[in-house]
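Peer 1: Structure file input32.csv, CSV, C-alpha atoms, is pasted below:
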```csv
chain,number,residue,atom,x,y,z
K,25,TYR,CA,0.0,0.0,0.0
K,26,GLU,CA,3.0,2.3,0.4
K,27,ALA,CA,3.4,2.6,-3.4
K,28,ILE,CA,-0.3,3.6,-3.7
K,29,ASP,CA,0.0,6.2,-1.0
K,30,LEU,CA,3.1,7.7,-2.5
K,31,SER,CA,1.6,7.8,-6.0
K,32,TYR,CA,-2.0,8.9,-5.4
K,33,ARG,CA,-1.6,12.2,-3.7
K,34,THR,CA,-3.3,15.6,-3.8
K,35,GLY,CA,-2.4,17.4,-7.0
K,36,GLU,CA,-1.9,14.3,-9.1
K,37,THR,CA,-4.2,13.4,-12.0
K,38,PHE,CA,-5.4,9.8,-12.5
K,39,VAL,CA,-2.9,9.5,-15.4
K,40,SER,CA,0.1,10.9,-13.4
K,41,ALA,CA,-0.7,8.9,-10.3
K,42,PHE,CA,-1.2,5.6,-12.3
K,43,GLY,CA,2.1,6.2,-14.1
K,44,LYS,CA,4.0,6.8,-10.9
K,45,LEU,CA,2.4,3.7,-9.4
K,46,MET,CA,3.4,1.5,-12.4
K,47,ALA,CA,6.9,3.0,-12.4
K,48,ARG,CA,7.3,2.0,-8.7
K,49,LEU,CA,6.0,-1.5,-9.3
K,50,THR,CA,8.2,-2.1,-12.3
K,51,GLY,CA,11.3,-0.3,-11.2
K,52,GLY,CA,14.6,-1.7,-12.5
K,53,THR,CA,13.0,-3.4,-15.5
K,54,GLY,CA,13.8,-0.6,-18.0
K,55,LEU,CA,10.1,-0.2,-18.8
K,56,ALA,CA,9.2,3.3,-19.9
K,57,PHE,CA,5.9,5.1,-19.6
K,58,LEU,CA,4.5,7.8,-21.9
K,59,ASN,CA,1.6,10.1,-21.4
K,60,PRO,CA,0.0,10.4,-24.9
K,61,CYS,CA,-1.5,13.8,-23.8
K,62,ASP,CA,1.9,15.3,-23.2
K,63,ALA,CA,2.3,18.5,-25.2
K,64,GLU,CA,5.7,17.5,-26.6
K,65,VAL,CA,4.2,14.2,-27.8
K,66,LYS,CA,1.5,16.1,-29.6
K,67,GLU,CA,4.1,18.3,-31.4
K,68,ILE,CA,5.9,15.2,-32.6
K,69,ALA,CA,2.6,13.9,-33.9
K,70,ILE,CA,1.8,17.0,-36.0
K,71,PRO,CA,2.8,15.3,-39.3
K,72,PHE,CA,0.5,12.4,-38.4
K,73,PHE,CA,-2.4,14.6,-37.7
K,74,GLU,CA,-1.8,16.4,-41.0
K,75,ARG,CA,-2.0,13.1,-42.9
K,76,VAL,CA,-5.3,12.2,-41.2
K,77,VAL,CA,-6.7,15.6,-42.4
K,78,ASP,CA,-5.3,15.3,-45.9
K,79,ARG,CA,-6.3,11.7,-46.5
K,80,GLN,CA,-9.9,11.6,-45.4
K,81,GLU,CA,-11.3,10.0,-48.6
K,82,PRO,CA,-8.8,7.1,-48.7
K,83,ILE,CA,-9.3,6.5,-45.0
K,84,HIS,CA,-13.0,6.2,-45.4
K,85,LEU,CA,-12.6,3.9,-48.5
K,86,ALA,CA,-10.1,1.7,-46.7
K,87,LEU,CA,-12.2,1.4,-43.6
K,88,ALA,CA,-15.4,0.7,-45.6
K,89,GLY,CA,-13.6,-2.1,-47.4
K,90,SER,CA,-12.3,-3.6,-44.2
K,91,ASN,CA,-15.8,-3.4,-42.6
K,92,ARG,CA,-17.3,-5.2,-45.6
K,93,ARG,CA,-14.8,-8.1,-45.4
K,94,ILE,CA,-15.3,-8.5,-41.7
K,95,VAL,CA,-19.1,-8.6,-42.0
K,96,ALA,CA,-18.9,-10.9,-45.0
K,97,ALA,CA,-16.8,-13.3,-42.9
K,98,GLY,CA,-19.5,-13.5,-40.3
K,99,TYR,CA,-18.0,-11.2,-37.7
K,100,HIS,CA,-19.4,-8.1,-36.1
K,101,LEU,CA,-17.7,-4.7,-36.2
K,102,GLN,CA,-15.8,-3.7,-33.0
K,103,VAL,CA,-16.2,0.1,-33.9
K,104,GLU,CA,-19.0,1.6,-35.9
K,105,LYS,CA,-18.2,5.1,-37.2
K,106,LYS,CA,-20.5,7.7,-38.8
K,107,ASP,CA,-19.9,8.5,-42.5
K,108,SER,CA,-18.9,12.0,-41.4
K,109,ALA,CA,-16.3,10.9,-38.9
K,110,ALA,CA,-13.0,12.7,-39.3
K,111,PHE,CA,-11.0,10.2,-37.1
K,112,LEU,CA,-9.7,13.0,-34.8
K,113,PHE,CA,-10.8,14.6,-31.5
K,114,ARG,CA,-10.3,18.1,-30.4
K,115,THR,CA,-10.2,19.2,-26.7
K,116,THR,CA,-11.1,22.7,-25.9
K,117,LYS,CA,-14.3,22.8,-23.8
K,118,GLY,CA,-14.3,19.0,-23.4
K,119,ARG,CA,-13.1,16.3,-25.8
K,120,ARG,CA,-15.2,16.5,-29.0
K,121,PRO,CA,-15.1,14.3,-32.1
K,122,MET,CA,-14.5,16.0,-35.4
K,123,HIS,CA,-16.7,15.5,-38.4
K,124,VAL,CA,-16.2,16.3,-42.1
K,125,GLU,CA,-18.9,17.4,-44.5
K,126,ALA,CA,-18.8,19.2,-47.8
K,127,GLU,CA,-15.0,19.3,-47.5
K,128,ARG,CA,-15.1,21.2,-44.3
K,129,PHE,CA,-14.2,20.0,-40.8
K,130,HIS,CA,-16.6,20.7,-37.9
K,131,VAL,CA,-16.2,20.5,-34.2
K,132,ALA,CA,-17.9,22.3,-31.3
K,133,GLY,CA,-19.6,24.9,-33.5
K,134,GLU,CA,-16.4,25.8,-35.4
K,135,SER,CA,-15.7,25.0,-39.1
K,136,PHE,CA,-12.4,24.7,-41.0
K,137,THR,CA,-11.1,24.0,-44.5
K,138,SER,CA,-8.3,21.4,-44.6
K,139,ALA,CA,-5.7,24.1,-44.8
K,140,GLU,CA,-7.2,26.1,-41.9
K,141,LEU,CA,-7.4,23.0,-39.7
K,142,ILE,CA,-3.8,22.1,-40.4
K,143,ASP,CA,-2.8,25.6,-39.4
K,144,VAL,CA,-4.7,25.2,-36.1
K,145,ILE,CA,-3.0,21.8,-35.6
K,146,ARG,CA,0.4,23.3,-36.1
K,147,SER,CA,-0.2,26.1,-33.6
K,148,ARG,CA,-2.2,24.2,-31.0
K,149,SER,CA,-1.3,20.5,-31.5
K,150,ALA,CA,-2.0,19.7,-27.8
K,151,GLU,CA,-5.7,20.1,-28.4
K,152,PHE,CA,-5.8,17.2,-30.9
K,153,SER,CA,-5.9,13.4,-30.4
K,154,PRO,CA,-6.7,10.3,-32.5
K,155,ASP,CA,-9.9,8.4,-32.3
K,156,ALA,CA,-10.3,4.6,-31.8
K,157,MET,CA,-9.4,3.9,-35.5
K,158,THR,CA,-6.3,6.1,-35.8
K,159,ARG,CA,-4.9,5.5,-32.3
K,160,PRO,CA,-3.0,2.3,-33.0
K,161,VAL,CA,-1.6,3.9,-36.2
K,162,MET,CA,-0.4,6.9,-34.2
K,163,GLN,CA,1.1,4.6,-31.6
K,164,SER,CA,3.2,3.0,-34.3
K,165,PHE,CA,4.0,6.4,-35.8
K,166,LEU,CA,5.5,7.5,-32.4
K,167,PHE,CA,7.1,4.2,-31.5
K,168,PRO,CA,7.6,1.8,-34.5
K,169,VAL,CA,6.2,-1.5,-33.5
K,170,ILE,CA,7.4,-4.9,-34.8
K,171,CYS,CA,4.7,-7.1,-33.2
K,172,GLN,CA,1.7,-6.4,-31.0
K,173,ILE,CA,0.3,-9.1,-28.8
K,174,GLY,CA,-3.3,-8.5,-27.7
K,175,GLY,CA,-6.5,-10.1,-26.5
K,176,PRO,CA,-9.3,-11.3,-28.8
K,177,ALA,CA,-11.3,-8.1,-28.7
K,178,GLU,CA,-8.2,-6.0,-29.3
K,179,ILE,CA,-7.0,-8.1,-32.2
K,180,ALA,CA,-10.6,-8.0,-33.7
K,181,TYR,CA,-10.5,-4.2,-33.6
K,182,LEU,CA,-7.0,-4.1,-35.1
K,183,ALA,CA,-8.3,-6.2,-38.0
K,184,GLN,CA,-10.8,-3.4,-38.7
K,185,SER,CA,-8.3,-0.6,-38.5
K,186,ASN,CA,-5.3,-2.3,-40.0
K,187,PRO,CA,-5.8,-0.9,-43.6
K,188,LEU,CA,-5.3,2.6,-42.2
K,189,PHE,CA,-1.6,1.9,-41.7
K,190,ASP,CA,-0.9,1.8,-45.4
K,191,VAL,CA,-3.2,4.9,-46.0
K,192,LEU,CA,-1.3,6.9,-43.4
K,193,THR,CA,2.2,5.6,-44.5
K,194,VAL,CA,3.0,3.9,-41.2
K,195,PRO,CA,4.5,0.3,-41.2
K,196,ALA,CA,1.9,-2.1,-39.8
K,197,PRO,CA,3.1,-4.4,-37.0
K,198,LEU,CA,2.4,-8.1,-36.9
K,199,HIS,CA,-0.6,-8.9,-34.7
K,200,ARG,CA,-0.6,-12.0,-32.5
K,201,GLY,CA,-3.2,-13.2,-30.0
K,202,ARG,CA,-1.9,-13.6,-26.5
K,203,PRO,CA,-2.0,-17.2,-25.0
K,204,SER,CA,-5.2,-17.7,-23.0
K,205,LEU,CA,-7.0,-20.5,-21.2
K,206,THR,CA,-10.5,-21.2,-19.8
K,207,LEU,CA,-11.0,-22.7,-16.4
K,208,LEU,CA,-14.1,-24.8,-15.8
K,209,GLU,CA,-15.4,-25.4,-12.3
K,210,LYS,CA,-16.3,-29.0,-11.6
K,211,ARG,CA,-20.1,-28.2,-11.5
K,212,ILE,CA,-19.9,-26.5,-14.9
K,213,GLU,CA,-17.8,-29.3,-16.4
K,214,LYS,CA,-20.5,-31.8,-15.4
K,215,LEU,CA,-23.1,-29.6,-17.2
K,216,VAL,CA,-21.0,-29.3,-20.3
K,217,ASP,CA,-20.5,-33.1,-20.4
K,218,GLU,CA,-24.2,-33.8,-19.7
K,219,TYR,CA,-25.5,-31.6,-22.5
K,220,ALA,CA,-22.5,-32.4,-24.9
K,221,LEU,CA,-21.7,-28.7,-25.2
K,222,SER,CA,-18.6,-27.9,-27.3
K,223,PHE,CA,-16.2,-25.1,-26.6
K,224,ASP,CA,-17.1,-23.5,-29.9
K,225,GLU,CA,-20.7,-23.4,-28.9
K,226,LEU,CA,-19.9,-21.7,-25.6
K,227,THR,CA,-17.7,-19.0,-27.2
K,228,GLY,CA,-20.0,-18.5,-30.2
K,229,ASP,CA,-23.7,-17.6,-30.4
K,230,ILE,CA,-24.7,-18.7,-26.9
K,231,GLU,CA,-28.4,-18.3,-27.7
K,232,GLN,CA,-28.1,-21.3,-30.1
K,233,ALA,CA,-26.6,-23.4,-27.4
K,234,VAL,CA,-29.3,-22.4,-24.9
K,235,ASN,CA,-32.0,-23.2,-27.4
K,236,ARG,CA,-30.5,-26.6,-28.1
K,237,VAL,CA,-30.2,-27.5,-24.4
K,238,LEU,CA,-33.8,-26.4,-23.8
K,239,ALA,CA,-35.1,-28.5,-26.7
K,240,THR,CA,-33.5,-31.6,-25.3
K,241,THR,CA,-34.6,-31.0,-21.7
K,242,PHE,CA,-38.2,-30.0,-22.2
K,243,PRO,CA,-40.7,-32.9,-22.0
K,244,LYS,CA,-41.4,-34.1,-25.6
K,245,ASP,CA,-45.2,-33.9,-25.2
K,246,ILE,CA,-45.3,-30.5,-23.5
K,247,GLU,CA,-46.0,-28.6,-26.7
K,248,ARG,CA,-48.8,-31.0,-27.7
K,249,GLY,CA,-50.2,-30.8,-24.2
K,250,TYR,CA,-50.2,-27.0,-24.2
K,251,SER,CA,-51.9,-27.0,-27.7
K,252,ASP,CA,-54.6,-29.4,-26.4
K,253,LEU,CA,-55.2,-27.3,-23.3
K,254,THR,CA,-55.6,-24.0,-25.3
K,255,SER,CA,-57.9,-25.8,-27.8
K,256,ASP,CA,-60.0,-27.2,-25.0
K,257,LEU,CA,-60.3,-23.9,-23.2
K,258,ALA,CA,-61.3,-22.2,-26.5
K,259,LYS,CA,-64.2,-24.7,-27.0
K,260,ARG,CA,-65.5,-23.9,-23.5
```
Could I get this structure in the form of structure tokens?

Peer 2:
Amino acid sequence: YEAIDLSYRTGETFVSAFGKLMARLTGGTGLAFLNPCDAEVKEIAIPFFERVVDRQEPIHLALAGSNRRIVAAGYHLQVEKKDSAAFLFRTTKGRRPMHVEAERFHVAGESFTSAELIDVIRSRSAEFSPDAMTRPVMQSFLFPVICQIGGPAEIAYLAQSNPLFDVLTVPAPLHRGRPSLTLLEKRIEKLVDEYALSFDELTGDIEQAVNRVLATTFPKDIERGYSDLTSDLAKR
């Protein structure tokens, strides 16, 4: 608890306190921590923000193609974006998503041409940040990544945003799923064996598994009996 007390103190933000706590817990490992909201980091990222502004059409086309392939393969989209999404946020009076319509960028009641927005980015870069789709690309822009190991949801979301690496001229890392395991309690294991449930059923569309189990456990004549009862009541 001493590390927590030393980190979470008056005057610290959640970000700075968490960073200090992690630094204390991992001291001596050489692990470095970066605050992505740091003003100097945003200055380094100015060329990246400019690419996002200048390449709106190819970004939208690449993401639309990626979305179609994912849906056609039978998967759902991790992130659904509006057609007007500009893939950037601006923080002035709160963090607001930017939108682009009729070749103008809009946010919090303000409107800019591409050139005007780039001028604002160059003078006030600390106000801008990536959205969910461009964040992993900006990460690789700042720190070139060879391989990224993630969980199932993260890998699925990277599958959606991966085409943006080429559009924004940033080398894409390899994506690998982290090793995982599923523990079954003895009681659950007995139920799985009793109803012959497969792992794929449990990790897929669970409603189908539930319906199959219900169909096998309901008395076979219950539907006929219910039909006879309703018919008899109707005659009375």

Peer 1: Please, what distance in Å, to one decimal, runs between CA of Arg236 (chain K) and CA of Ser222 (chain K)?

Peer 2: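 So the answer is 12.0 Å.
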
Peer 1: So how far away is CA of Leu55 (chain K) from CA of Ser31 (chain K), in Å?

Peer 2: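 Those two atoms sit 17.3 Å apart.
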
Peer 1: Point out the residue among K:Leu166, K:Val237, K:Ala183, K:Leu188 with the least atom-to-atom distance to Glu64 (chain K), counting all atoms listed in the file.

Peer 2: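 Ranked by minimum distance to Glu64 (chain K), first place goes to K:Leu166.
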
Peer 1: Could you list, as number ranges by chain, every residue within 8 Å of Cys171 (chain K), counting all atoms listed in the file and ignoring same-chain residues fewer than 4 positions away?

Peer 2: K: 197-200

Peer 1: To one decimal in Å, tell me the separation between CA of Leu49 (chain K) and CA of Gly35 (chain K).

Peer 2: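 Pair CA of Leu49 (chain K) / CA of Gly35 (chain K) returns 20.8 Å.
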
Peer 1: Tell me which protein, DNA and RNA residues are within 12 Å of Ala88 (chain K), counting only C-alpha atoms, leaving out same-chain ones fewer than 2 positions away, and put them as a ChimeraX atom specification.

Peer 2: /K:81-86,90-95,101,103-107,184-188

Peer 1: Smallest atom-to-atom distance to Asp29 (chain K): which of K:Ala41, K:Leu238, K:Ala47, K:Leu87, using all atoms listed in the file?

Peer 2: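 Selected residue with least distance to Asp29 (chain K): K:Ala41.
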
Peer 1: If we count all atoms listed in the file, what is near Gly201 (chain K) at a cut-off of 6 Å, once residues fewer than 4 positions away on the same chain are taken out, given as a PyMOL selection string?

Peer 2: chain K and resi 173-175

Peer 1: Export, as a compact mmCIF listing (two decimals), in the frame of the given file, the selected residues with C-alpha atoms.

Peer 2:
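Output file selection_7.txt follows:
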```
# COMPACT_ATOMS: atom_id res chain seq x y z
CA ILE K 173 0.30 -9.10 -28.80
CA GLY K 174 -3.30 -8.50 -27.70
CA GLY K 175 -6.50 -10.10 -26.50
```

Peer 1: From the list K:Val77, K:Met122, K:Ala156, K:Val194, which residue is nearest Ala139 (chain K) when using all atoms listed in the file?

Peer 2: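 Smallest separation from Ala139 (chain K) among the options: K:Val77.
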
Peer 1: Choose the residue, out of K:Glu209, K:Glu67, K:Glu36, K:Asp252, that has the smallest atom-to-atom separation from Arg146 (chain K); count all atoms listed in the file.

Peer 2: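 When distances to Arg146 (chain K) are compared using all atoms listed in the file, the smallest one comes from K:Glu67.
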
Peer 1: Which residue out of K:Leu192, K:Lys66, K:Val169, K:Arg75 has the minimum interatomic distance to Ser147 (chain K) when all atoms listed in the file are used?

Peer 2: K:Lys66

Peer 1: Write out as a PyMOL selection string which residues come within 12 Å of Ala56 (chain K) when counting all atoms listed in the file, dropping same-chain ones fewer than 4 positions away.

Peer 2: chain K and resi 43-44+46-48+50-52+167

Peer 1: Generate a file of the selected residues that holds C-alpha atoms, formatted as a CSV table (one decimal), keeping the file's coordinate frame.

Peer 2:
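Contents of part-v3.csv, freshly written:
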```csv
chain,number,residue,atom,x,y,z
K,43,GLY,CA,2.1,6.2,-14.1
K,44,LYS,CA,4.0,6.8,-10.9
K,46,MET,CA,3.4,1.5,-12.4
K,47,ALA,CA,6.9,3.0,-12.4
K,48,ARG,CA,7.3,2.0,-8.7
K,50,THR,CA,8.2,-2.1,-12.3
K,51,GLY,CA,11.3,-0.3,-11.2
K,52,GLY,CA,14.6,-1.7,-12.5
K,167,PHE,CA,7.1,4.2,-31.5
```

Peer 1: Measuring between only C-alpha atoms, which one of K:Leu30, K:Ala110, K:Val216, K:Leu226 shows the shortest distance to Met157 (chain K)?

Peer 2: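 Going through K:Leu30, K:Ala110, K:Val216, K:Leu226 one by one, the smallest distance to Met157 (chain K) is for K:Ala110.
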
Peer 1: At a cut-off of 10 Å around the point (-11.7, -18.1, -21.8) (file coordinates), what residues fall inside when counting all atoms listed in the file? I'd like the answer as a list in words.

Peer 2: Ser204, Leu205, Thr206, Leu207, Leu208, Phe223, Leu226 and Thr227 of chain K
